[in-house]
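These notes concern the structure reproduced below.
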Amino acid sequence: MDFTKALSERILVCDGAMGTMLHAAGNSLDRALPELNLSNPELVSTVHESYVAAGVDILLTNTFGANRLRLAEHGSSLNVRDINLAGVRLARQARRGVDRTIFVGGSVSPAVSASQRQSVRADERVEVIRDQVRALVDGGVDLLVLETFGYLDELVEAVAVTAELTDLPILAQATFTAEGVTPGGESPREVASALAGQPVAALGANCTVGPQRMLTVVEELRRYSTLPISAQPNAGLPRRIGRRFEYSVEGDYFSQYARRYVEQGTSIVGGCCGTTPTHIRDIVAKLADLRPKQQRRPEPAPRRQVVQPEHGGLAQRLGQRRFVVAAQISPPAGGDAQEATELTAMLRKHGIDLVFVAARESARAQVSSVSLALHVEREVGAETIATLTTWDKTIMTLQADLLGVHAFGMRTVVCETGNPPLRGDYPNADGIWEVDSVGLIQLLAGLNDGRDCNGLTLATKTSFHIGARFNPGAEDRDAELARTRAKIAAGAQFLISRPVYEADALVGMLAELSNEDIPVLMAVSPLAGFAEAEYLAHEVPDVRIPRAALSALETAGDRGREVGLELARALLDEARPLVQGVVLVMRDGRKLADFLPLVEAPDSGQAL
């Protein structure tokens with residue numbers, strides 16, 4: 001019988017989870033389950049036969065994720081075509097001898113997992129889908145089932161390439177979160193609208209949510225689409241038992257919701273993760289007396305509104321081309337924030353009301369830069385700008401921190417990779433980085449665009465002003481330029497230098513970056529004397545101290561601080577036409593009085 005005709009005449013029951021059954025048989029979910037079509041075909045056949053015995057009308061091939069990119073992600077090098085051809089053969093064999101029509105659906109997943117999405121181009125995704133669909137069609141499937149698509153653009157791509165290769169019916173299924181949208185942020189209405197003119201035989205949803213949440217999705221899809229609707233929910237939420245996952249939803253409850261789906265106009269009902277032949281058998285019994293409902297005219301989909309972020313403080317000053325004067329402080333060792341609060345209050349009295357809070361590289365107890373920035377801003381009223389480092393933090397932790405500080409009103413963040421404090425026999429081997437500063441910038445840019453690190457839509461967009469560090473004194477100038485450009489490309493909106501001690505390197509790097517059209521702040525830390533200069537020049541990587549400066553400070557003797565201020569003043573005079581502001585770095589042990597001679601017009605907060 002023709003699939004489209006059958007769809008109009010009766011409710012079709014699809015099978016349940018293949019992966020759950022294979023996992024229950026002892027296979028790790030970390031492995032490429034489709035390769036079992038070749039390595040253990042008897043097990044796959046047993047699962048198919050159990051669903052046939054349960055009474056299904058649609059049997060899906062064990063080919064979810066059977067494409068080049070996903071198989072490689074699991075370390076499988078087996079031939080993609082062979083795996084898919086074997087998958088079709090096993091499903092077709094399982095229906096032999098049955099006195100009813102059972103359609104074999106070729107299961108096609110998104111070309112890439114969510115973690116791969118950002119690194120794979122759209123044209124490569126299309127080729128991956130094309131290769132798999134061609135193999136499934138050659139194997140003899142009755143329809144193609146595109147399932148668990150979390151991003152609408154990928155689903156539309158897959159439908160297009162599938163329709164190019166075959167006239168077989170296409171069932172297009174998106175996956176929706178508990179919030180009622182896809183991981184890509186699209187509502188059922190938007191999915192229905194996007195696929196309304198596409199060559200698909202049916203539209204539906206599968207995976208991610210359980211029976212109850214799926215009902216809401218089904219109702220929305222039915223409301224906005226004239227296509228037959230499918231629903232394949234999970235058997236609730238899983239719980240981990242040792243090294244296994246178990247689902248608690250029983251067949252009777254599951255089948256009750258299956259009947260509700262049909263009563264709301266669904267034409268295809270089955271199950272996804274956690275569902276077994278028992279669930280499917282109960283569904284078959286529960287739906288025996290029901291017939292498909294006639295489709296109705298869909299309601300129009302609304303247009304999306306784009307909300308632009310708003311910035312104030314530093315962003316506003318840079319936008320107005322006002323020369324910025326700021327200070328940088330570090331969290332005091334020992335965890336006492338009072339010293340930073342008092343210093344910031346004194347800075348305000350002298351006209352400096354922008355304060356960067358650096359991240360301290362110390363093993364001693366200390367207040368985090370973000371917490372200190374929020375505390376100081378609340379106590380003193382100055383705008384504080386936190387430096388956020390990525391070492392020893394997962395991207396989820398960084399994201400949680402950022403959403404938290406945004407809720408407290410912080411809008412400007414400087415991104416650094418950071419270095420762990422030196423300790424232990426191998427002091428530089430303790431750091432763990434899931435992302436570096438470029439990844440952190442990308443995370444912030446995504447939050448500003450309304451998406452989290454997994455591509456899920458946020459309830460609201462953030463409005464961060466994103467800063468990044470660059471080092472004019474870097475030994476490998478070309479590498480530093482390339483990395484700085486990568487930060488700008490990732491979404492950095494202003495740059496702040498590492499402390500600068502000589503102008504030539506800064507001038508050269510700014511010339512190279514002139515086409516980037518991005519504001520630059522220069523960090524300045526007046527040298528306290530020859531000892532500090534000698535240490536920086538010889539023991540700290542990527543710091544340039546001019547020979548003339550070293551000589552002047554060595555000759556100065558007890559006048560080292562005074563000469564250091566004179567050198568800093570000369571540097572500022574030379575660099576000021578090239579930068580949009582200066583950040584005075586307040587080092588430990590230095591008094592505010594050491595920096596005030598650099599400020600010419602403290603009451604204005606703008607000029608040096």
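Identifiers for the structure tokens are assigned positionally: chains receive A, B, ... in sequence, residues are indexed from 1 per chain, and ligands are indexed from 1 in the order shown.
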For the structure I just gave you, how does DSSP split stretch 4-90 of chain A - specifically, which residues are alpha helix (DSSP H)? Reply as a PyMOL selection string.
chain A and resi 4-9+18-24+36-39+41-54+68-73+80-90
What lies within 12 Å of A:Ala382 using only C-alpha atoms, ignoring chain neighbours under 5 positions off, as a list in words?
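Once the nearby chain positions are removed, what remains is Gly313, Leu314, Ala326, Ala327, Ala340, Thr341, Glu342, Leu343, Thr344, Ala345, Met346, Leu347, Arg348, Lys349, Gly351, Ile352, Asp353, Leu354, Val355, Phe356, Val357, Ala373, Leu374, His375, Val376, Glu377 and Met410 of chain A.
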Just to confirm, what's the straight-line distance from atom CA of A:Glu42 to atom CA of A:Val141 in Å (one decimal)?
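Those two atoms sit 19.8 Å apart.
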Could you check how far atom CA of A:Thr101 sits from atom CA of A:Gly65, in Å to one decimal?
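Rounded to one decimal, the two atoms are 26.5 Å apart.
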DSSP-assigned strand (DSSP E or B) among stretch 309-409 of chain A, expressed as a PyMOL selection string:
chain A and resi 324-329+333+354-357+366+383-389+391+393
Go ahead and save the residues from that selection, with C-alpha atoms, as a short mmCIF file (atom, residue, chain, number, x, y, z; two decimals), in the first residue's frame.
```cif
data_model
loop_
_atom_site.label_atom_id
_atom_site.label_comp_id
_atom_site.auth_asym_id
_atom_site.auth_seq_id
_atom_site.Cartn_x
_atom_site.Cartn_y
_atom_site.Cartn_z
CA VAL A 324 38.67 57.42 28.70
CA VAL A 325 40.68 57.44 31.93
CA ALA A 326 40.25 54.34 34.08
CA ALA A 327 42.11 52.47 36.78
CA GLN A 328 42.78 48.77 37.29
CA ILE A 329 42.83 47.17 40.73
CA ALA A 333 45.04 38.52 48.90
CA LEU A 354 35.79 53.62 35.72
CA VAL A 355 37.56 50.76 37.49
CA PHE A 356 38.75 47.50 35.95
CA VAL A 357 39.03 44.63 38.42
CA GLN A 366 40.82 35.89 47.61
CA GLU A 383 31.34 51.64 37.20
CA THR A 384 33.34 48.44 37.64
CA ILE A 385 34.50 46.19 34.83
CA ALA A 386 35.38 42.61 35.78
CA THR A 387 38.08 40.52 34.16
CA LEU A 388 36.83 36.99 33.68
CA THR A 389 39.33 34.17 33.13
CA TRP A 391 41.10 28.49 33.53
CA LYS A 393 36.10 26.56 34.62
#
```
Residues within 10 Å of stretch 544-561 of chain A, please, as a ChimeraX atom specification. Count only C-alpha atoms; anything in the same chain fewer than 5 positions from it doesn't count.
/A:472-475,499-505,526-538,566-567,594
For the selection you just gave me, I'd like the residues written to a file as a PDB file, in the first residue's frame, keeping N, CA and C atoms.
```pdb
ATOM      1  N   PRO A 472      51.094  44.184  23.104  1.00  0.00           N
ATOM      2  CA  PRO A 472      52.023  44.772  22.131  1.00  0.00           C
ATOM      3  C   PRO A 472      53.461  44.294  22.313  1.00  0.00           C
ATOM      4  N   GLY A 473      53.794  43.814  23.514  1.00  0.00           N
ATOM      5  CA  GLY A 473      55.162  43.372  23.783  1.00  0.00           C
ATOM      6  C   GLY A 473      55.405  41.909  23.495  1.00  0.00           C
ATOM      7  N   ALA A 474      54.463  41.228  22.874  1.00  0.00           N
ATOM      8  CA  ALA A 474      54.614  39.794  22.628  1.00  0.00           C
ATOM      9  C   ALA A 474      55.841  39.505  21.780  1.00  0.00           C
ATOM     10  N   GLU A 475      56.548  38.438  22.127  1.00  0.00           N
ATOM     11  CA  GLU A 475      57.746  38.048  21.377  1.00  0.00           C
ATOM     12  C   GLU A 475      57.396  37.676  19.949  1.00  0.00           C
ATOM     13  N   PRO A 499      50.135  45.993  30.158  1.00  0.00           N
ATOM     14  CA  PRO A 499      50.898  47.207  30.462  1.00  0.00           C
ATOM     15  C   PRO A 499      51.989  47.458  29.418  1.00  0.00           C
ATOM     16  N   VAL A 500      52.040  48.699  28.942  1.00  0.00           N
ATOM     17  CA  VAL A 500      52.971  49.090  27.885  1.00  0.00           C
ATOM     18  C   VAL A 500      54.107  49.910  28.503  1.00  0.00           C
ATOM     19  N   TYR A 501      55.348  49.613  28.092  1.00  0.00           N
ATOM     20  CA  TYR A 501      56.502  50.322  28.626  1.00  0.00           C
ATOM     21  C   TYR A 501      57.327  51.010  27.538  1.00  0.00           C
ATOM     22  N   GLU A 502      56.986  50.751  26.283  1.00  0.00           N
ATOM     23  CA  GLU A 502      57.665  51.437  25.187  1.00  0.00           C
ATOM     24  C   GLU A 502      56.693  51.557  24.015  1.00  0.00           C
ATOM     25  N   ALA A 503      56.825  52.636  23.244  1.00  0.00           N
ATOM     26  CA  ALA A 503      55.810  52.995  22.267  1.00  0.00           C
ATOM     27  C   ALA A 503      55.941  52.256  20.944  1.00  0.00           C
ATOM     28  N   ASP A 504      57.148  51.887  20.537  1.00  0.00           N
ATOM     29  CA  ASP A 504      57.333  51.370  19.185  1.00  0.00           C
ATOM     30  C   ASP A 504      56.473  50.138  18.902  1.00  0.00           C
ATOM     31  N   ALA A 505      56.490  49.176  19.828  1.00  0.00           N
ATOM     32  CA  ALA A 505      55.718  47.957  19.608  1.00  0.00           C
ATOM     33  C   ALA A 505      54.224  48.263  19.543  1.00  0.00           C
ATOM     34  N   PRO A 526      53.382  52.742  35.820  1.00  0.00           N
ATOM     35  CA  PRO A 526      54.689  53.382  36.019  1.00  0.00           C
ATOM     36  C   PRO A 526      55.637  52.476  36.795  1.00  0.00           C
ATOM     37  N   LEU A 527      56.836  52.363  36.320  1.00  0.00           N
ATOM     38  CA  LEU A 527      57.841  51.526  36.982  1.00  0.00           C
ATOM     39  C   LEU A 527      58.281  52.159  38.295  1.00  0.00           C
ATOM     40  N   ALA A 528      58.442  51.313  39.323  1.00  0.00           N
ATOM     41  CA  ALA A 528      58.812  51.817  40.652  1.00  0.00           C
ATOM     42  C   ALA A 528      60.303  52.011  40.816  1.00  0.00           C
ATOM     43  N   GLY A 529      61.096  51.457  39.915  1.00  0.00           N
ATOM     44  CA  GLY A 529      62.546  51.573  40.027  1.00  0.00           C
ATOM     45  C   GLY A 529      63.231  50.536  39.178  1.00  0.00           C
ATOM     46  N   PHE A 530      64.554  50.509  39.298  1.00  0.00           N
ATOM     47  CA  PHE A 530      65.351  49.621  38.458  1.00  0.00           C
ATOM     48  C   PHE A 530      65.077  48.145  38.755  1.00  0.00           C
ATOM     49  N   ALA A 531      64.883  47.783  40.007  1.00  0.00           N
ATOM     50  CA  ALA A 531      64.668  46.379  40.358  1.00  0.00           C
ATOM     51  C   ALA A 531      63.429  45.815  39.657  1.00  0.00           C
ATOM     52  N   GLU A 532      62.340  46.575  39.680  1.00  0.00           N
ATOM     53  CA  GLU A 532      61.118  46.117  39.017  1.00  0.00           C
ATOM     54  C   GLU A 532      61.329  46.025  37.509  1.00  0.00           C
ATOM     55  N   ALA A 533      61.965  47.042  36.931  1.00  0.00           N
ATOM     56  CA  ALA A 533      62.218  47.042  35.491  1.00  0.00           C
ATOM     57  C   ALA A 533      63.091  45.864  35.078  1.00  0.00           C
ATOM     58  N   GLU A 534      64.131  45.582  35.862  1.00  0.00           N
ATOM     59  CA  GLU A 534      65.034  44.483  35.541  1.00  0.00           C
ATOM     60  C   GLU A 534      64.299  43.141  35.615  1.00  0.00           C
ATOM     61  N   TYR A 535      63.485  42.981  36.633  1.00  0.00           N
ATOM     62  CA  TYR A 535      62.704  41.752  36.775  1.00  0.00           C
ATOM     63  C   TYR A 535      61.783  41.549  35.575  1.00  0.00           C
ATOM     64  N   LEU A 536      61.032  42.584  35.207  1.00  0.00           N
ATOM     65  CA  LEU A 536      60.101  42.463  34.081  1.00  0.00           C
ATOM     66  C   LEU A 536      60.836  42.164  32.784  1.00  0.00           C
ATOM     67  N   ALA A 537      61.972  42.807  32.604  1.00  0.00           N
ATOM     68  CA  ALA A 537      62.707  42.654  31.352  1.00  0.00           C
ATOM     69  C   ALA A 537      63.301  41.268  31.187  1.00  0.00           C
ATOM     70  N   HIS A 538      63.707  40.644  32.271  1.00  0.00           N
ATOM     71  CA  HIS A 538      64.450  39.394  32.163  1.00  0.00           C
ATOM     72  C   HIS A 538      63.701  38.151  32.629  1.00  0.00           C
ATOM     73  N   GLU A 566      58.072  59.831  35.055  1.00  0.00           N
ATOM     74  CA  GLU A 566      58.461  60.634  33.892  1.00  0.00           C
ATOM     75  C   GLU A 566      58.427  59.800  32.615  1.00  0.00           C
ATOM     76  N   LEU A 567      58.885  58.551  32.719  1.00  0.00           N
ATOM     77  CA  LEU A 567      58.849  57.650  31.561  1.00  0.00           C
ATOM     78  C   LEU A 567      57.405  57.351  31.143  1.00  0.00           C
ATOM     79  N   ASP A 594      51.284  57.749  43.782  1.00  0.00           N
ATOM     80  CA  ASP A 594      52.265  57.429  42.746  1.00  0.00           C
ATOM     81  C   ASP A 594      51.691  57.621  41.345  1.00  0.00           C
TER      82      ASP A 594
END
```
Find the spatial neighbours of A:Ala407, counting only C-alpha atoms, within a cut-off of 10 Å - ignore same-chain residues fewer than 5 positions away - and output them as an NGL selection string.
:A and (401-402 or 462)
Kindly save the residues from that selection, with N, CA, C and O atoms included, as a PDB file, in the first residue's frame.
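Okay, this is what ended up in part_28.pdb:
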```pdb
ATOM      1  N   ASP A 401      27.981  32.179  35.582  1.00  0.00           N
ATOM      2  CA  ASP A 401      28.545  33.389  36.187  1.00  0.00           C
ATOM      3  C   ASP A 401      28.125  34.634  35.414  1.00  0.00           C
ATOM      4  O   ASP A 401      27.761  35.662  35.993  1.00  0.00           O
ATOM      5  N   LEU A 402      28.190  34.540  34.094  1.00  0.00           N
ATOM      6  CA  LEU A 402      27.866  35.696  33.262  1.00  0.00           C
ATOM      7  C   LEU A 402      26.395  36.086  33.375  1.00  0.00           C
ATOM      8  O   LEU A 402      26.061  37.269  33.479  1.00  0.00           O
ATOM      9  N   THR A 462      21.224  39.194  26.545  1.00  0.00           N
ATOM     10  CA  THR A 462      22.067  40.013  27.405  1.00  0.00           C
ATOM     11  C   THR A 462      22.568  41.219  26.621  1.00  0.00           C
ATOM     12  O   THR A 462      22.387  41.312  25.404  1.00  0.00           O
TER      13      THR A 462
END
```
Distance criterion (only C-alpha atoms): nearest to A:Cys415 out of A:Ala163, A:Leu456, A:Phe470, A:Gly450:
A:Phe470
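If you look at atom CA of A:Thr182 and atom CA of A:Gln212, they are 16.4 Å away from each other.
Nearest residue to A:Ile283, choosing from A:Ala359, A:Ala194, A:Leu78, A:Val56 and counting only C-alpha atoms: A:Val56.
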Give the answer as one residue: which of A:Asp449, A:Asp542, A:Asp252, A:Asp2 has the shortest atom-to-atom distance to A:Leu143, using only C-alpha atoms?
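Using only C-alpha atoms, the shortest distance to A:Leu143 belongs to A:Asp2.
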Return the single residue from A:Ser230, A:Thr208, A:Thr457, A:Ser119 that is closest to A:Ser267, with distances computed using only C-alpha atoms.
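Smallest distance to A:Ser267 is found for A:Ser230.
Neighbours of A:Asn454 closer than or equal to 12 Å, with only C-alpha atoms counted and sequence neighbours fewer than 2 positions away skipped, come out as Ser113, Ala114, Ser115, Gln116, Arg117, Gln118, Gly150, Tyr151, Thr182, Pro183, Gly184, Gly185, Ile395, Met396, Gln399, Gln442, Leu443, Gly446, Leu447, Gly450, Arg451, Asp452, Leu456, Thr457 and Leu458 of chain A.
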Selection near A:Gln580, 12 Å with only C-alpha atoms, sequence-local residues under 2 positions removed, as a PyMOL selection string:
chain A and resi 314-315+317-326+494-497+510+517-523+572+575-578+582-583+606-608
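Between A:Ile11 and the candidates A:Leu440, A:Val126, A:Ala258, A:Ile488, the tightest atom-to-atom separation, counting only C-alpha atoms, involves A:Ala258.
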Give me the residues near A:Arg483 as a PDB file with C-alpha atoms, in the first residue's frame, where near means some atom within 12 Å (using only C-alpha atoms) and where sequence neighbours in that chain fewer than 4 positions away do not count.
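Saved to selection-v1.pdb:
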```pdb
ATOM      1  CA  THR A 417      42.354  32.891  29.222  1.00  0.00           C
ATOM      2  CA  ASP A 436      40.105  30.044  26.083  1.00  0.00           C
ATOM      3  CA  SER A 437      39.481  33.781  25.833  1.00  0.00           C
ATOM      4  CA  VAL A 438      38.283  33.478  22.231  1.00  0.00           C
ATOM      5  CA  GLY A 439      35.737  30.881  23.314  1.00  0.00           C
ATOM      6  CA  ALA A 468      39.690  41.540  25.181  1.00  0.00           C
ATOM      7  CA  ARG A 469      43.363  41.804  26.063  1.00  0.00           C
ATOM      8  CA  PHE A 470      46.231  42.084  23.613  1.00  0.00           C
ATOM      9  CA  ASN A 471      49.963  42.316  24.188  1.00  0.00           C
ATOM     10  CA  PRO A 472      52.023  44.772  22.131  1.00  0.00           C
ATOM     11  CA  ALA A 474      54.614  39.794  22.628  1.00  0.00           C
ATOM     12  CA  ASP A 476      55.875  36.476  18.447  1.00  0.00           C
ATOM     13  CA  ARG A 477      54.262  39.566  16.994  1.00  0.00           C
ATOM     14  CA  ASP A 478      52.544  37.784  14.083  1.00  0.00           C
ATOM     15  CA  ALA A 479      50.970  35.194  16.367  1.00  0.00           C
ATOM     16  CA  LYS A 487      39.182  37.844  19.338  1.00  0.00           C
ATOM     17  CA  ILE A 488      37.730  40.671  17.273  1.00  0.00           C
ATOM     18  CA  ALA A 489      36.138  38.202  14.864  1.00  0.00           C
ATOM     19  CA  ALA A 490      34.648  36.304  17.819  1.00  0.00           C
ATOM     20  CA  ALA A 492      35.258  41.627  21.042  1.00  0.00           C
ATOM     21  CA  LEU A 513      44.998  46.637  13.477  1.00  0.00           C
TER      22      LEU A 513
END
```
Kindly indicate which residue among A:Val191, A:Ala86, A:Leu33, A:Ala17 lies nearest to A:Gly140, using only C-alpha atoms for the distances.
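Closest to A:Gly140 of all the choices is A:Ala86.
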